[in-house]
Structure formats: C-alpha cells, structure tokens
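Chemist: I am sharing target.tsv, which consists of TSV, C-alpha atoms:
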chain	number	residue	atom	x	y	z
A	23	ASP	CA	23.91	67.16	-90.96
A	24	ALA	CA	20.35	65.90	-91.34
A	25	GLY	CA	20.94	64.59	-94.85
A	26	VAL	CA	18.80	65.34	-97.87
A	27	ILE	CA	15.29	66.21	-96.71
A	28	GLN	CA	12.28	65.64	-98.92
A	29	SER	CA	8.68	66.55	-98.30
A	30	PRO	CA	6.06	65.30	-98.24
A	31	ARG	CA	6.88	61.59	-97.73
A	32	HIS	CA	3.57	60.58	-99.24
A	33	GLU	CA	1.20	62.46	-101.51
A	34	VAL	CA	-2.13	61.31	-102.83
A	35	THR	CA	-3.84	63.61	-105.28
A	36	GLU	CA	-6.54	63.56	-107.87
A	37	MET	CA	-5.82	63.63	-111.57
A	38	GLY	CA	-5.55	67.18	-112.84
A	39	GLN	CA	-4.32	68.67	-109.60
A	40	GLU	CA	-1.01	70.43	-109.17
A	41	VAL	CA	1.62	68.62	-107.14
A	42	THR	CA	4.74	70.20	-105.65
A	43	LEU	CA	7.57	68.12	-104.25
A	44	ARG	CA	10.24	69.74	-102.13
A	45	CYS	CA	13.88	69.05	-101.45
A	46	LYS	CA	16.50	70.49	-99.12
A	47	PRO	CA	19.99	69.32	-100.12
A	48	ILE	CA	22.93	68.85	-97.80
A	49	SER	CA	24.55	72.15	-96.94
A	50	GLY	CA	27.61	72.75	-99.10
A	51	HIS	CA	26.63	70.33	-101.85
A	52	ASN	CA	26.57	72.09	-105.19
A	53	SER	CA	24.77	69.56	-107.37
A	54	LEU	CA	21.15	68.47	-107.01
A	55	PHE	CA	19.31	65.73	-108.87
A	56	TRP	CA	15.70	64.68	-109.22
A	57	TYR	CA	15.03	61.01	-110.01
A	58	ARG	CA	11.83	59.08	-110.53
A	59	GLN	CA	11.57	55.38	-109.66
A	60	THR	CA	8.95	52.98	-110.98
A	61	MET	CA	8.83	49.23	-111.24
A	62	MET	CA	8.59	49.36	-115.01
A	63	ARG	CA	11.28	51.93	-115.80
A	64	GLY	CA	13.59	51.76	-112.79
A	65	LEU	CA	15.44	54.94	-111.83
A	66	GLU	CA	15.17	57.78	-114.29
A	67	LEU	CA	17.07	61.05	-114.01
A	68	LEU	CA	14.63	63.88	-114.57
A	69	ILE	CA	16.82	66.94	-114.15
A	70	TYR	CA	19.95	68.07	-112.43
A	71	PHE	CA	21.31	71.37	-111.22
A	72	ASN	CA	24.86	72.52	-110.70
A	73	ASN	CA	25.33	75.62	-108.56
A	74	ASN	CA	21.55	76.22	-108.77
A	75	VAL	CA	21.60	76.25	-112.58
A	76	PRO	CA	19.71	73.55	-114.51
A	77	ILE	CA	22.29	71.63	-116.51
A	78	ASP	CA	20.30	68.84	-118.10
A	79	ASP	CA	16.52	68.55	-118.14
A	80	SER	CA	16.31	66.07	-121.00
A	81	GLY	CA	14.75	63.51	-118.68
A	82	MET	CA	11.74	65.63	-117.83
A	83	PRO	CA	8.91	63.64	-119.40
A	84	GLU	CA	6.88	66.56	-120.74
A	85	ASP	CA	5.91	70.15	-120.21
A	86	ARG	CA	3.71	69.23	-117.29
A	87	PHE	CA	6.89	68.80	-115.26
A	88	SER	CA	8.97	71.74	-114.09
A	89	ALA	CA	11.78	72.12	-111.54
A	90	LYS	CA	13.33	75.10	-109.85
A	91	MET	CA	16.24	75.74	-107.55
A	92	PRO	CA	15.93	79.33	-106.33
A	93	ASN	CA	18.85	78.98	-103.94
A	94	ALA	CA	21.44	76.48	-102.78
A	95	SER	CA	19.24	75.10	-100.01
A	96	PHE	CA	15.94	74.44	-101.75
A	97	SER	CA	14.48	72.87	-104.87
A	98	THR	CA	11.00	72.03	-106.08
A	99	LEU	CA	9.60	69.65	-108.65
A	100	LYS	CA	6.13	70.56	-109.86
A	101	ILE	CA	3.67	68.52	-111.88
A	102	GLN	CA	0.73	70.41	-113.37
A	103	PRO	CA	-1.65	68.86	-114.20
A	104	SER	CA	-0.92	65.49	-112.64
A	105	GLU	CA	-1.91	62.21	-114.30
A	106	PRO	CA	-2.16	58.65	-112.95
A	107	ARG	CA	0.93	57.63	-114.92
A	108	ASP	CA	2.95	60.10	-112.84
A	109	SER	CA	2.52	57.82	-109.83
A	110	ALA	CA	6.01	56.88	-108.67
A	111	VAL	CA	8.58	57.49	-105.99
A	112	TYR	CA	10.46	60.72	-106.59
A	113	PHE	CA	13.93	61.02	-105.14
A	114	CYS	CA	16.09	64.05	-104.65
A	115	ALA	CA	19.85	63.65	-104.26
A	116	SER	CA	22.74	66.04	-103.74
A	117	SER	CA	26.48	65.80	-104.15
A	118	LEU	CA	29.58	67.92	-103.82
A	119	VAL	CA	31.70	66.22	-106.45
A	120	ASP	CA	30.98	63.32	-108.75
A	121	TYR	CA	31.93	60.67	-106.24
A	122	GLY	CA	28.50	59.55	-105.21
A	123	TYR	CA	25.25	61.07	-104.20
A	124	THR	CA	23.31	61.32	-100.97
A	125	PHE	CA	19.68	60.49	-101.56
A	126	GLY	CA	16.65	61.65	-99.68
A	127	SER	CA	14.02	59.20	-98.47
A	128	GLY	CA	11.77	59.98	-101.41
A	129	THR	CA	8.21	61.14	-101.97
A	130	ARG	CA	5.71	58.46	-102.89
A	131	LEU	CA	3.23	60.09	-105.25
A	132	THR	CA	-0.10	58.48	-106.04
A	133	VAL	CA	-2.36	60.14	-108.58
A	134	VAL	CA	-5.89	58.74	-108.62
B	5	GLY	CA	25.89	57.12	-124.32
B	6	ASN	CA	26.67	55.60	-120.95
B	7	SER	CA	24.83	52.48	-119.83
B	8	VAL	CA	24.90	49.92	-117.04
B	9	THR	CA	23.72	46.32	-117.27
B	10	GLN	CA	23.05	44.30	-114.14
B	11	MET	CA	22.09	40.69	-113.76
B	12	GLU	CA	18.37	40.38	-113.44
B	13	GLY	CA	16.92	39.25	-110.18
B	14	PRO	CA	15.50	38.32	-107.98
B	15	VAL	CA	18.36	36.55	-106.26
B	16	THR	CA	17.45	34.33	-103.32
B	17	LEU	CA	20.14	32.93	-101.04
B	18	SER	CA	20.42	31.24	-97.71
B	19	GLU	CA	22.23	32.95	-94.88
B	20	GLU	CA	26.04	32.60	-95.08
B	21	ALA	CA	25.96	31.88	-98.82
B	22	PHE	CA	28.33	33.59	-101.25
B	23	LEU	CA	26.91	36.47	-103.25
B	24	THR	CA	27.81	37.72	-106.71
B	25	ILE	CA	25.82	40.33	-108.58
B	26	ASN	CA	27.20	40.98	-112.04
B	27	CYS	CA	27.50	44.48	-113.48
B	28	THR	CA	28.95	45.57	-116.81
B	29	TYR	CA	29.07	49.03	-118.26
B	30	THR	CA	29.50	51.00	-121.44
B	31	ALA	CA	31.09	54.42	-121.19
B	32	THR	CA	33.54	56.72	-122.85
B	33	GLY	CA	36.65	57.76	-121.02
B	34	TYR	CA	37.26	56.77	-117.42
B	35	PRO	CA	34.06	56.66	-115.41
B	36	SER	CA	33.76	56.23	-111.67
B	37	LEU	CA	31.77	53.17	-110.60
B	38	PHE	CA	29.41	52.70	-107.67
B	39	TRP	CA	27.18	50.24	-105.91
B	40	TYR	CA	24.13	51.57	-104.11
B	41	VAL	CA	21.76	49.68	-101.83
B	42	GLN	CA	18.08	50.42	-101.25
B	43	TYR	CA	16.29	48.96	-98.25
B	44	PRO	CA	12.49	48.77	-98.33
B	45	GLY	CA	10.83	52.17	-98.07
B	46	GLU	CA	14.12	54.05	-98.11
B	47	GLY	CA	16.28	56.00	-100.51
B	48	LEU	CA	19.46	54.70	-102.07
B	49	GLN	CA	22.61	54.57	-99.96
B	50	LEU	CA	26.13	54.48	-101.31
B	51	LEU	CA	27.62	51.06	-100.55
B	52	LEU	CA	31.03	51.34	-102.21
B	53	LYS	CA	32.82	53.03	-105.07
B	54	ALA	CA	35.91	52.83	-107.27
B	55	THR	CA	37.30	55.70	-109.28
B	56	LYS	CA	39.96	54.11	-111.48
B	57	ALA	CA	40.90	50.83	-113.08
B	58	ASP	CA	41.92	48.02	-110.69
B	59	ASP	CA	40.60	49.91	-107.67
B	60	LYS	CA	38.70	47.75	-105.21
B	61	GLY	CA	35.84	49.29	-103.31
B	62	SER	CA	34.75	47.66	-100.08
B	63	ASN	CA	32.27	48.23	-97.27
B	64	LYS	CA	30.34	46.06	-94.77
B	65	GLY	CA	31.90	42.89	-96.20
B	66	PHE	CA	30.96	43.76	-99.78
B	67	GLU	CA	33.64	44.18	-102.43
B	68	ALA	CA	33.81	45.14	-106.09
B	69	THR	CA	36.84	45.59	-108.37
B	70	TYR	CA	36.92	48.04	-111.28
B	71	ARG	CA	37.92	45.91	-114.29
B	72	LYS	CA	38.50	48.10	-117.30
B	73	GLU	CA	39.52	45.23	-119.57
B	74	THR	CA	36.17	43.53	-119.08
B	75	THR	CA	34.19	46.74	-118.35
B	76	SER	CA	32.85	45.12	-115.21
B	77	PHE	CA	32.25	45.95	-111.55
B	78	HIS	CA	30.78	42.81	-109.99
B	79	LEU	CA	29.57	42.95	-106.39
B	80	GLU	CA	30.60	40.13	-104.05
B	81	LYS	CA	30.16	39.15	-100.43
B	82	GLY	CA	31.52	36.03	-98.87
B	83	SER	CA	28.74	35.37	-96.37
B	84	VAL	CA	25.40	37.14	-96.66
B	85	GLN	CA	23.06	37.89	-93.78
B	86	VAL	CA	19.30	38.29	-93.62
B	87	SER	CA	19.89	42.01	-93.07
B	88	ASP	CA	21.51	42.24	-96.53
B	89	SER	CA	18.12	41.73	-98.16
B	90	ALA	CA	17.62	44.79	-100.34
B	91	VAL	CA	17.81	46.06	-103.91
B	92	TYR	CA	21.33	46.67	-105.21
B	93	PHE	CA	22.09	49.16	-107.98
B	94	CYS	CA	25.25	49.44	-110.02
B	95	ALA	CA	25.97	52.93	-111.35
B	96	LEU	CA	28.57	54.95	-113.19
B	97	SER	CA	29.49	58.59	-113.32
B	98	GLY	CA	30.85	60.02	-116.52
B	99	SER	CA	34.44	61.17	-116.57
B	100	GLY	CA	35.78	64.65	-116.95
B	101	GLY	CA	34.31	68.11	-117.04
B	102	SER	CA	31.14	68.82	-115.14
B	103	ASN	CA	29.39	65.59	-116.00
B	104	TYR	CA	28.01	64.63	-112.62
B	105	LYS	CA	25.21	62.44	-113.86
B	106	LEU	CA	24.92	58.96	-112.44
B	107	THR	CA	23.60	56.31	-114.78
B	108	PHE	CA	21.99	53.41	-112.89
B	109	GLY	CA	21.34	49.82	-113.74
B	110	LYS	CA	17.84	48.47	-113.21
B	111	GLY	CA	18.63	47.02	-109.81
B	112	THR	CA	18.83	43.49	-108.44
B	113	LEU	CA	16.57	42.35	-105.63
B	114	LEU	CA	18.39	40.17	-103.11
B	115	THR	CA	16.47	38.11	-100.57
B	116	VAL	CA	18.41	36.25	-97.89
B	117	ASN	CA	16.55	33.55	-95.99
B	118	PRO	CA	17.54	32.39	-92.50
Using the file provided, produce a representation of the structure as structure tokens.
Modeler:
Amino acid sequence: DAGVIQSPRHEVTEMGQEVTLRCKPISGHNSLFWYRQTMMRGLELLIYFNNNVPIDDSGMPEDRFSAKMPNASFSTLKIQPSEPRDSAVYFCASSLVDYGYTFGSGTRLTVV
Amino acid sequence: GNSVTQMEGPVTLSEEAFLTINCTYTATGYPSLFWYVQYPGEGLQLLLKATKADDKGSNKGFEATYRKETTSFHLEKGSVQVSDSAVYFCALSGSGGSNYKLTFGKGTLLTVNP
C-alpha cells in the first residue's frame, strides 16, 4: 500500500482565497483524522470521521473550515476564506482500530 | 478530559548517550499509549505502543513501559545515534467504545551530536 496520500505537499495562497486540501487514506482503514501542526499550538485534532461519518468536529477553529468524506477513499479539508493565521502543516491520518494511526506527509499551507 | 504531558525540550545528547523522555498522562479508564516520531519534513510515524498496564512497547532500540500506578509512559534508549534526531510525541487513545481520538503531547525535540 502507498500509505496515506496528501496533496498538495505545499500550498501558497493569498489571504481571502479558498484552499482545498486532499487526503486518500489507506484502503480498508475506517477512521480518518485531520490534524493541524504549528509551533505555537503543537498538534491539534480538527475533525475525525468513522466510516465516512463525521464524529467530532469540535476542533474545527471556525466556520471558515469545513471537511468532507464523500467515500471511504477520499477526504477534503477546505478553508474559505483563508487567513494568514491558518498557515500551518495539515496532516491527514487513517486507522483501522484505535491502535495507532498512519499519517500522511502533510500539506504545508502558507497564507500571505 | 484526556491529556498528555511531555518533558519540554530541546534535548541535546552526544552519540551513544542514554536517552529518557518523560511522559505522563491523565485519562479515564484504560487508555492505549503510544510514542510517535517525526523526522524533519515528514509526517508522524508510530514508534511503539502499549495497550495495557505493565506492557512494554519496543522498537529500534527504544522502549517504554505502561505504568498505571504512576500514569507514565517514559521513552528510553540505551545508546542514541545521530539518526535518532527528531521530534518525539507521546500520545494516548481513549478506552472503550468508538473513541479513536489520539491526544498528543507537545513533542520533544531530540538532537544527537556525533
């Protein structure tokens, strides 16, 4: 298996633009997680899905953030409109049971 | 709620030195415990895990023992190498039901000098 695949690896966008981050989990994994990593706040769980259903989105910072998982092999995290404080590395991870995740390589987002 | 507290870094060691990174946790029930490692520019990788009290997780010379009495899961390695330089995260997964969330500590940067 190719692991968890995230795209793009790097994204630079202007404030106010829409940003869409993509994730393909490992085939057969039924849980998917979106994390954000910054120097100041460390790793923050934004949202997670179980069997494609959002279970907990309490970490989503505000209404500008939205996430979808239309099927078991694809998820998106959208920021609209983006702001400079959204600059971070966004990780997607998937798991089959709660015995550890497999993380993607992350998307480094810079909003200027 | 669940929480994880790691020793603050950075930690700087010479090659072949002994490593300890402390981790304590607060959780209800019987969580599973993990150590993850993040190399520069990469995502987190599972290093080792323990799912019940007194279990010892081990991998690549690293070890950690699940101590319920002290709510700790300290990471140790007897002889570190330059290639071990990375950020190490302690994490826990809540017990029971469908609680699959991992709660992470803030991470500890380890630098090993030749």
Chemist: Find the spatial neighbours of Val41 of chain A, counting all atoms listed in the file, within a cut-off of 9 Å - ignore same-chain residues fewer than 3 positions away - and output them as a compact mmCIF listing (two decimals) with C-alpha atoms, in the coordinates of the input.
Modeler:
# COMPACT_ATOMS: atom_id res chain seq x y z
CA GLU A 33 1.20 62.46 -101.51
CA THR A 35 -3.84 63.61 -105.28
CA LEU A 99 9.60 69.65 -108.65
CA LYS A 100 6.13 70.56 -109.86
CA ILE A 101 3.67 68.52 -111.88
CA GLN A 102 0.73 70.41 -113.37
CA PRO A 103 -1.65 68.86 -114.20
CA SER A 104 -0.92 65.49 -112.64
CA LEU A 131 3.23 60.09 -105.25
Chemist: What residues in chain B have any atom no more than 10 Å from chain A when counting only C-alpha atoms, and can you write them as a PDB file with C-alpha atoms, in the frame of the given file?
Modeler:
ATOM      1  CA  PRO B  35      34.060  56.660-115.410  1.00  0.00           C
ATOM      2  CA  SER B  36      33.760  56.230-111.670  1.00  0.00           C
ATOM      3  CA  LEU B  37      31.770  53.170-110.600  1.00  0.00           C
ATOM      4  CA  PHE B  38      29.410  52.700-107.670  1.00  0.00           C
ATOM      5  CA  TRP B  39      27.180  50.240-105.910  1.00  0.00           C
ATOM      6  CA  TYR B  40      24.130  51.570-104.110  1.00  0.00           C
ATOM      7  CA  GLY B  45      10.830  52.170 -98.070  1.00  0.00           C
ATOM      8  CA  GLU B  46      14.120  54.050 -98.110  1.00  0.00           C
ATOM      9  CA  GLY B  47      16.280  56.000-100.510  1.00  0.00           C
ATOM     10  CA  LEU B  48      19.460  54.700-102.070  1.00  0.00           C
ATOM     11  CA  GLN B  49      22.610  54.570 -99.960  1.00  0.00           C
ATOM     12  CA  LEU B  50      26.130  54.480-101.310  1.00  0.00           C
ATOM     13  CA  LEU B  51      27.620  51.060-100.550  1.00  0.00           C
ATOM     14  CA  LEU B  52      31.030  51.340-102.210  1.00  0.00           C
ATOM     15  CA  LYS B  53      32.820  53.030-105.070  1.00  0.00           C
ATOM     16  CA  ALA B  54      35.910  52.830-107.270  1.00  0.00           C
ATOM     17  CA  THR B  55      37.300  55.700-109.280  1.00  0.00           C
ATOM     18  CA  PHE B  93      22.090  49.160-107.980  1.00  0.00           C
ATOM     19  CA  ALA B  95      25.970  52.930-111.350  1.00  0.00           C
ATOM     20  CA  LEU B  96      28.570  54.950-113.190  1.00  0.00           C
ATOM     21  CA  SER B  97      29.490  58.590-113.320  1.00  0.00           C
ATOM     22  CA  GLY B  98      30.850  60.020-116.520  1.00  0.00           C
ATOM     23  CA  SER B  99      34.440  61.170-116.570  1.00  0.00           C
ATOM     24  CA  GLY B 100      35.780  64.650-116.950  1.00  0.00           C
ATOM     25  CA  SER B 102      31.140  68.820-115.140  1.00  0.00           C
ATOM     26  CA  ASN B 103      29.390  65.590-116.000  1.00  0.00           C
ATOM     27  CA  TYR B 104      28.010  64.630-112.620  1.00  0.00           C
ATOM     28  CA  LYS B 105      25.210  62.440-113.860  1.00  0.00           C
ATOM     29  CA  LEU B 106      24.920  58.960-112.440  1.00  0.00           C
ATOM     30  CA  THR B 107      23.600  56.310-114.780  1.00  0.00           C
ATOM     31  CA  PHE B 108      21.990  53.410-112.890  1.00  0.00           C
ATOM     32  CA  GLY B 109      21.340  49.820-113.740  1.00  0.00           C
ATOM     33  CA  LYS B 110      17.840  48.470-113.210  1.00  0.00           C
ATOM     34  CA  GLY B 111      18.630  47.020-109.810  1.00  0.00           C
TER      35      GLY B 111
END
Chemist: Rounded to one decimal place, report the atom CA of Lys56 of chain B-atom CA of Gly5 of chain B distance in Å.
Modeler: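 Between atom CA of Lys56 of chain B and atom CA of Gly5 of chain B the gap works out to 19.3 Å.
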Chemist: Set the distance at 7 Å and use only C-alpha atoms: which residues neighbour Leu114 of chain B once local chain neighbours fewer than 5 positions away are removed? I'd like the list as a CSV table (one decimal) with C-alpha atoms, in the coordinates of the input.
Modeler:
chain,number,residue,atom,x,y,z
B,14,PRO,CA,15.5,38.3,-108.0
B,15,VAL,CA,18.4,36.6,-106.3
B,16,THR,CA,17.4,34.3,-103.3
B,89,SER,CA,18.1,41.7,-98.2
B,90,ALA,CA,17.6,44.8,-100.3
B,91,VAL,CA,17.8,46.1,-103.9
Chemist: Report, in Å with one decimal, the straight-line distance from atom CA of Thr69 of chain B to atom CA of Val86 of chain B.
Modeler: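 Atom CA of Thr69 of chain B sits 24.1 Å away from atom CA of Val86 of chain B.
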Chemist: Just the residues within 8 Å of Glu36 of chain A, please, counting all atoms listed in the file, with nothing from its chain fewer than 3 positions along; format it as a PyMOL selection string.
Modeler: chain A and resi 39+104+133-134
Chemist: Could those selected residues go to a file with C-alpha atoms, as a PDB file, in the frame of the given file?
Modeler:
ATOM      1  CA  GLN A  39      -4.320  68.670-109.600  1.00  0.00           C
ATOM      2  CA  SER A 104      -0.920  65.490-112.640  1.00  0.00           C
ATOM      3  CA  VAL A 133      -2.360  60.140-108.580  1.00  0.00           C
ATOM      4  CA  VAL A 134      -5.890  58.740-108.620  1.00  0.00           C
TER       5      VAL A 134
END
Chemist: Given only C-alpha atoms as the basis, pick out the residue of A:Asp108, A:Asn52, A:Ala24, A:Met37 nearest to Phe87 of chain A.
Modeler: A:Asp108
Chemist: Fewer than 6 positions away in the same chain doesn't count, so skip those; otherwise give me all residues within 10 Å of Asn74 of chain A, counting all atoms listed in the file, as an MDAnalysis selection string.
Modeler: chainID A and resid 52:54 90:97
Chemist: Find the axis-aligned box for segment 36-45 of chain B, covering all its listed atoms and adding 8 Å on each side, and write its centre and edge lengths in Å to one decimal as lines of an AutoDock Vina configuration file.
Modeler:
center_x = 22.3
center_y = 52.5
center_z = -104.9
size_x = 38.9
size_y = 23.5
size_z = 29.6
Chemist: Leaving out Leu23 of chain B and any residue of its chain fewer than 5 positions from it, which residues lie within 7 Å of it when counting only C-alpha atoms, given as a PyMOL selection string?
Modeler: chain B and resi 80-82+84
Chemist: Atom CA of Glu105 of chain A and atom CA of Val8 of chain B are how many Å apart?
Modeler: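 Atom CA of Val8 of chain B lies at a distance of 29.6 Å from atom CA of Glu105 of chain A.
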Chemist: Looking at B:Met11, B:Cys27, B:Val116, B:Ala57, which one is nearest to Ser87 of chain B, with distances taken over only C-alpha atoms?
Modeler: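 Counting only C-alpha atoms, the residue closest to Ser87 of chain B is B:Val116.
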